[in-house]
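So this one's protein.cif, mmCIF, N, CA and C atoms:
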data_my_file
#
loop_
_atom_site.label_atom_id
_atom_site.label_comp_id
_atom_site.auth_asym_id
_atom_site.auth_seq_id
_atom_site.Cartn_x
_atom_site.Cartn_y
_atom_site.Cartn_z
N MET U 584 -40.06 70.95 73.86
CA MET U 584 -40.55 72.08 73.10
C MET U 584 -40.44 71.76 71.61
N ILE U 585 -41.37 72.30 70.86
CA ILE U 585 -41.36 72.13 69.42
C ILE U 585 -41.27 73.52 68.78
N ARG U 586 -40.47 73.63 67.74
CA ARG U 586 -40.25 74.92 67.07
C ARG U 586 -41.20 75.02 65.88
N VAL U 587 -41.99 76.12 65.82
CA VAL U 587 -42.95 76.30 64.74
C VAL U 587 -42.91 77.74 64.24
N THR U 588 -43.32 77.93 63.00
CA THR U 588 -43.51 79.26 62.43
C THR U 588 -44.99 79.58 62.51
N LEU U 589 -45.32 80.71 63.12
CA LEU U 589 -46.71 81.11 63.27
C LEU U 589 -46.96 82.42 62.54
N ASP U 590 -48.20 82.71 62.28
CA ASP U 590 -48.58 83.98 61.66
C ASP U 590 -48.71 85.03 62.75
N LEU U 591 -47.66 85.13 63.55
CA LEU U 591 -47.53 86.08 64.65
C LEU U 591 -46.11 86.61 64.62
N THR U 592 -45.87 87.70 65.28
CA THR U 592 -44.50 88.17 65.43
C THR U 592 -44.23 88.48 66.90
N CYS U 593 -42.99 88.31 67.27
CA CYS U 593 -42.55 88.63 68.63
C CYS U 593 -42.61 90.14 68.80
N SER U 594 -43.15 90.59 69.90
CA SER U 594 -43.24 92.02 70.15
C SER U 594 -41.90 92.62 70.55
N VAL U 595 -40.92 91.79 70.86
CA VAL U 595 -39.59 92.27 71.24
C VAL U 595 -38.66 92.35 70.04
N CYS U 596 -38.54 91.23 69.28
CA CYS U 596 -37.55 91.18 68.19
C CYS U 596 -38.18 90.97 66.81
N HIS U 597 -39.50 90.85 66.74
CA HIS U 597 -40.26 90.72 65.48
C HIS U 597 -39.99 89.42 64.72
N HIS U 598 -39.51 88.41 65.41
CA HIS U 598 -39.28 87.10 64.81
C HIS U 598 -40.62 86.36 64.69
N ASP U 599 -40.72 85.39 63.77
CA ASP U 599 -41.99 84.69 63.57
C ASP U 599 -41.94 83.21 63.93
N GLN U 600 -40.87 82.79 64.57
CA GLN U 600 -40.78 81.39 64.99
C GLN U 600 -40.85 81.33 66.51
N PHE U 601 -41.57 80.30 66.98
CA PHE U 601 -41.83 80.19 68.41
C PHE U 601 -41.65 78.75 68.87
N PHE U 602 -41.34 78.61 70.15
CA PHE U 602 -41.29 77.31 70.80
C PHE U 602 -42.64 77.07 71.46
N LEU U 603 -43.25 75.93 71.14
CA LEU U 603 -44.48 75.50 71.79
C LEU U 603 -44.13 74.37 72.74
N PRO U 604 -44.65 74.40 73.95
CA PRO U 604 -44.37 73.29 74.87
C PRO U 604 -45.10 72.03 74.43
N LEU U 605 -44.49 70.90 74.69
CA LEU U 605 -45.12 69.61 74.40
C LEU U 605 -46.20 69.34 75.46
N PRO U 606 -47.22 68.55 75.13
CA PRO U 606 -48.32 68.32 76.07
C PRO U 606 -47.90 67.79 77.44
N ASP U 607 -46.84 66.99 77.50
CA ASP U 607 -46.43 66.43 78.78
C ASP U 607 -45.48 67.33 79.56
N SER U 608 -45.26 68.54 79.06
CA SER U 608 -44.33 69.48 79.69
C SER U 608 -45.05 70.30 80.76
N ASP U 609 -44.29 70.77 81.73
CA ASP U 609 -44.83 71.67 82.75
C ASP U 609 -44.90 73.10 82.25
N GLN U 610 -44.23 73.39 81.15
CA GLN U 610 -44.22 74.74 80.58
C GLN U 610 -45.59 75.06 79.99
N ARG U 611 -46.02 76.30 80.10
CA ARG U 611 -47.31 76.71 79.56
C ARG U 611 -47.20 77.96 78.70
N HIS U 612 -45.97 78.33 78.32
CA HIS U 612 -45.76 79.56 77.56
C HIS U 612 -45.28 79.28 76.14
N VAL U 613 -45.75 80.09 75.21
CA VAL U 613 -45.23 80.11 73.84
C VAL U 613 -44.11 81.15 73.86
N ARG U 614 -42.89 80.74 73.48
CA ARG U 614 -41.73 81.63 73.56
C ARG U 614 -41.10 81.83 72.19
N CYS U 615 -40.57 83.02 71.96
CA CYS U 615 -39.85 83.34 70.74
C CYS U 615 -38.57 82.50 70.68
N THR U 616 -38.26 81.96 69.50
CA THR U 616 -37.05 81.14 69.38
C THR U 616 -35.80 81.99 69.34
N ARG U 617 -35.91 83.26 69.00
CA ARG U 617 -34.73 84.12 68.90
C ARG U 617 -34.37 84.75 70.25
N CYS U 618 -35.32 85.41 70.90
CA CYS U 618 -34.99 86.14 72.13
C CYS U 618 -35.58 85.51 73.39
N MET U 619 -36.36 84.44 73.22
CA MET U 619 -36.99 83.69 74.31
C MET U 619 -38.05 84.48 75.09
N ALA U 620 -38.51 85.60 74.54
CA ALA U 620 -39.58 86.35 75.18
C ALA U 620 -40.87 85.53 75.15
N VAL U 621 -41.67 85.67 76.18
CA VAL U 621 -42.95 84.97 76.24
C VAL U 621 -43.94 85.70 75.35
N LYS U 622 -44.56 84.97 74.40
CA LYS U 622 -45.56 85.57 73.51
C LYS U 622 -46.95 85.48 74.14
N CYS U 623 -47.30 84.30 74.62
CA CYS U 623 -48.61 84.09 75.22
C CYS U 623 -48.64 82.75 75.95
N HIS U 624 -49.73 82.47 76.60
CA HIS U 624 -49.95 81.15 77.20
C HIS U 624 -50.47 80.21 76.13
N THR U 625 -50.17 78.95 76.24
CA THR U 625 -50.63 77.98 75.24
C THR U 625 -52.15 77.94 75.17
N ALA U 626 -52.84 78.08 76.29
CA ALA U 626 -54.31 78.06 76.28
C ALA U 626 -54.87 79.22 75.47
N ASP U 627 -54.24 80.40 75.57
CA ASP U 627 -54.70 81.56 74.81
C ASP U 627 -54.48 81.35 73.32
N LEU U 628 -53.35 80.77 72.94
CA LEU U 628 -53.07 80.49 71.54
C LEU U 628 -54.08 79.48 71.00
N GLU U 629 -54.39 78.47 71.79
CA GLU U 629 -55.35 77.46 71.37
C GLU U 629 -56.73 78.08 71.14
N LYS U 630 -57.16 78.95 72.04
CA LYS U 630 -58.46 79.62 71.88
C LYS U 630 -58.49 80.46 70.62
N ALA U 631 -57.41 81.18 70.33
CA ALA U 631 -57.35 82.02 69.13
C ALA U 631 -57.40 81.17 67.86
N MET U 632 -56.71 80.03 67.86
CA MET U 632 -56.72 79.16 66.69
C MET U 632 -58.11 78.55 66.46
N ILE U 633 -58.79 78.19 67.52
CA ILE U 633 -60.15 77.65 67.40
C ILE U 633 -61.08 78.71 66.83
N ALA U 634 -60.95 79.95 67.30
CA ALA U 634 -61.78 81.04 66.80
C ALA U 634 -61.52 81.29 65.32
N LEU U 635 -60.26 81.25 64.89
CA LEU U 635 -59.95 81.44 63.47
C LEU U 635 -60.56 80.34 62.61
N ASN U 636 -60.46 79.11 63.07
CA ASN U 636 -61.05 77.99 62.33
C ASN U 636 -62.56 78.16 62.22
N ARG U 637 -63.18 78.63 63.29
CA ARG U 637 -64.63 78.84 63.29
C ARG U 637 -65.01 79.91 62.28
N GLU U 638 -64.23 81.01 62.24
CA GLU U 638 -64.49 82.09 61.28
C GLU U 638 -64.34 81.60 59.85
N LYS U 639 -63.31 80.82 59.57
CA LYS U 639 -63.10 80.29 58.22
C LYS U 639 -64.25 79.37 57.82
N ARG U 640 -64.68 78.52 58.74
CA ARG U 640 -65.77 77.59 58.46
C ARG U 640 -67.06 78.35 58.18
N ASP U 641 -67.35 79.39 58.98
CA ASP U 641 -68.56 80.19 58.78
C ASP U 641 -68.51 80.95 57.46
N ALA U 642 -67.34 81.45 57.09
CA ALA U 642 -67.18 82.17 55.82
C ALA U 642 -67.39 81.23 54.64
N ALA U 643 -66.95 79.98 54.77
CA ALA U 643 -67.11 79.00 53.70
C ALA U 643 -68.58 78.65 53.51
N ARG U 644 -69.34 78.64 54.58
CA ARG U 644 -70.78 78.34 54.49
C ARG U 644 -71.53 79.44 53.73
N VAL U 645 -71.11 80.69 53.97
CA VAL U 645 -71.77 81.84 53.33
C VAL U 645 -71.44 81.88 51.84
N ALA U 646 -70.25 81.49 51.47
CA ALA U 646 -69.80 81.58 50.08
C ALA U 646 -70.46 80.61 49.17
#

If you convert what's in this file into structure tokens, what do you get?
Amino acid sequence: MIRVTLDLTCSVCHHDQFFLPLPDSDQRHVRCTRCMAVKCHTADLEKAMIALNREKRDAARVA
């Protein structure tokens, strides 16, 4: 697992740091580093990040 700060908060304890599983891991959940609550699946986080990048790229084209 790798510890990262994301622009998200834990719905349980409102912390902003999460554990991301490494690619070779069997784990598929993003977990809060403080209370270990599951935030989301890694695939869902990846889809959201791709969508944000797409929005930023499209906004830059318009500007």

Exercise. Give me every strand (DSSP E) residue in chain U, going by DSSP on the backbone, as an MDAnalysis selection string.
Key: chainID U and resid 585:588 600:603 612:615 621:624

Quiz item: Please, what distance in Å, to one decimal, runs between atom C of Asp627 of chain U and atom CA of Ala642 of chain U?
Solution: 21.6 Å

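Atom N of Glu638 of chain U sits 24.6 Å away from atom C of Val621 of chain U.
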
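Going from atom CA of His598 of chain U over to atom C of Lys622 of chain U, you cover 12.2 Å.
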
Exercise. Using the chain letters and residue numbers of this document, give as a count of residues only the residues selected by the PyMOL selection byres ((chain U and resi 623) around 6).
Key: 9

Phe602 of chain U surroundings by only C-alpha atoms, 8 Å radius, close-in-sequence under 5 positions cut, as a PDB file with N, CA and C atoms, in the frame of the given file:
ATOM      1  N   MET U 584     -40.060  70.950  73.860  1.00  0.00           N
ATOM      2  CA  MET U 584     -40.550  72.080  73.100  1.00  0.00           C
ATOM      3  C   MET U 584     -40.440  71.760  71.610  1.00  0.00           C
ATOM      4  N   ILE U 585     -41.370  72.300  70.860  1.00  0.00           N
ATOM      5  CA  ILE U 585     -41.360  72.130  69.420  1.00  0.00           C
ATOM      6  C   ILE U 585     -41.270  73.520  68.780  1.00  0.00           C
ATOM      7  N   ARG U 586     -40.470  73.630  67.740  1.00  0.00           N
ATOM      8  CA  ARG U 586     -40.250  74.920  67.070  1.00  0.00           C
ATOM      9  C   ARG U 586     -41.200  75.020  65.880  1.00  0.00           C
ATOM     10  N   VAL U 587     -41.990  76.120  65.820  1.00  0.00           N
ATOM     11  CA  VAL U 587     -42.950  76.300  64.740  1.00  0.00           C
ATOM     12  C   VAL U 587     -42.910  77.740  64.240  1.00  0.00           C
ATOM     13  N   VAL U 613     -45.750  80.090  75.210  1.00  0.00           N
ATOM     14  CA  VAL U 613     -45.230  80.110  73.840  1.00  0.00           C
ATOM     15  C   VAL U 613     -44.110  81.150  73.860  1.00  0.00           C
ATOM     16  N   ARG U 614     -42.890  80.740  73.480  1.00  0.00           N
ATOM     17  CA  ARG U 614     -41.730  81.630  73.560  1.00  0.00           C
ATOM     18  C   ARG U 614     -41.100  81.830  72.190  1.00  0.00           C
ATOM     19  N   CYS U 615     -40.570  83.020  71.960  1.00  0.00           N
ATOM     20  CA  CYS U 615     -39.850  83.340  70.740  1.00  0.00           C
ATOM     21  C   CYS U 615     -38.570  82.500  70.680  1.00  0.00           C
ATOM     22  N   THR U 616     -38.260  81.960  69.500  1.00  0.00           N
ATOM     23  CA  THR U 616     -37.050  81.140  69.380  1.00  0.00           C
ATOM     24  C   THR U 616     -35.800  81.990  69.340  1.00  0.00           C
TER      25      THR U 616
END

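When the PyMOL selection byres ((chain U and resi 599) around 7) is run on the displayed coordinates, the residues it returns are Val587, Thr588, Leu589, Asp590, Leu591, Thr592, Cys593, Cys596, His597, His598, Gln600, Phe601 and Thr616 of chain U.
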
Pull N, CA and C atoms from the residues just selected and write them as a PDB file, in the coordinates of the input.
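Dumped to out35.pdb:
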ATOM      1  N   VAL U 587     -41.990  76.120  65.820  1.00  0.00           N
ATOM      2  CA  VAL U 587     -42.950  76.300  64.740  1.00  0.00           C
ATOM      3  C   VAL U 587     -42.910  77.740  64.240  1.00  0.00           C
ATOM      4  N   THR U 588     -43.320  77.930  63.000  1.00  0.00           N
ATOM      5  CA  THR U 588     -43.510  79.260  62.430  1.00  0.00           C
ATOM      6  C   THR U 588     -44.990  79.580  62.510  1.00  0.00           C
ATOM      7  N   LEU U 589     -45.320  80.710  63.120  1.00  0.00           N
ATOM      8  CA  LEU U 589     -46.710  81.110  63.270  1.00  0.00           C
ATOM      9  C   LEU U 589     -46.960  82.420  62.540  1.00  0.00           C
ATOM     10  N   ASP U 590     -48.200  82.710  62.280  1.00  0.00           N
ATOM     11  CA  ASP U 590     -48.580  83.980  61.660  1.00  0.00           C
ATOM     12  C   ASP U 590     -48.710  85.030  62.750  1.00  0.00           C
ATOM     13  N   LEU U 591     -47.660  85.130  63.550  1.00  0.00           N
ATOM     14  CA  LEU U 591     -47.530  86.080  64.650  1.00  0.00           C
ATOM     15  C   LEU U 591     -46.110  86.610  64.620  1.00  0.00           C
ATOM     16  N   THR U 592     -45.870  87.700  65.280  1.00  0.00           N
ATOM     17  CA  THR U 592     -44.500  88.170  65.430  1.00  0.00           C
ATOM     18  C   THR U 592     -44.230  88.480  66.900  1.00  0.00           C
ATOM     19  N   CYS U 593     -42.990  88.310  67.270  1.00  0.00           N
ATOM     20  CA  CYS U 593     -42.550  88.630  68.630  1.00  0.00           C
ATOM     21  C   CYS U 593     -42.610  90.140  68.800  1.00  0.00           C
ATOM     22  N   CYS U 596     -38.540  91.230  69.280  1.00  0.00           N
ATOM     23  CA  CYS U 596     -37.550  91.180  68.190  1.00  0.00           C
ATOM     24  C   CYS U 596     -38.180  90.970  66.810  1.00  0.00           C
ATOM     25  N   HIS U 597     -39.500  90.850  66.740  1.00  0.00           N
ATOM     26  CA  HIS U 597     -40.260  90.720  65.480  1.00  0.00           C
ATOM     27  C   HIS U 597     -39.990  89.420  64.720  1.00  0.00           C
ATOM     28  N   HIS U 598     -39.510  88.410  65.410  1.00  0.00           N
ATOM     29  CA  HIS U 598     -39.280  87.100  64.810  1.00  0.00           C
ATOM     30  C   HIS U 598     -40.620  86.360  64.690  1.00  0.00           C
ATOM     31  N   GLN U 600     -40.870  82.790  64.570  1.00  0.00           N
ATOM     32  CA  GLN U 600     -40.780  81.390  64.990  1.00  0.00           C
ATOM     33  C   GLN U 600     -40.850  81.330  66.510  1.00  0.00           C
ATOM     34  N   PHE U 601     -41.570  80.300  66.980  1.00  0.00           N
ATOM     35  CA  PHE U 601     -41.830  80.190  68.410  1.00  0.00           C
ATOM     36  C   PHE U 601     -41.650  78.750  68.870  1.00  0.00           C
ATOM     37  N   THR U 616     -38.260  81.960  69.500  1.00  0.00           N
ATOM     38  CA  THR U 616     -37.050  81.140  69.380  1.00  0.00           C
ATOM     39  C   THR U 616     -35.800  81.990  69.340  1.00  0.00           C
TER      40      THR U 616
END

Quiz item: Where in chain U does DSSP assign helix (DSSP H, G or I), given as a PyMOL selection string?
Solution: chain U and resi 625-645
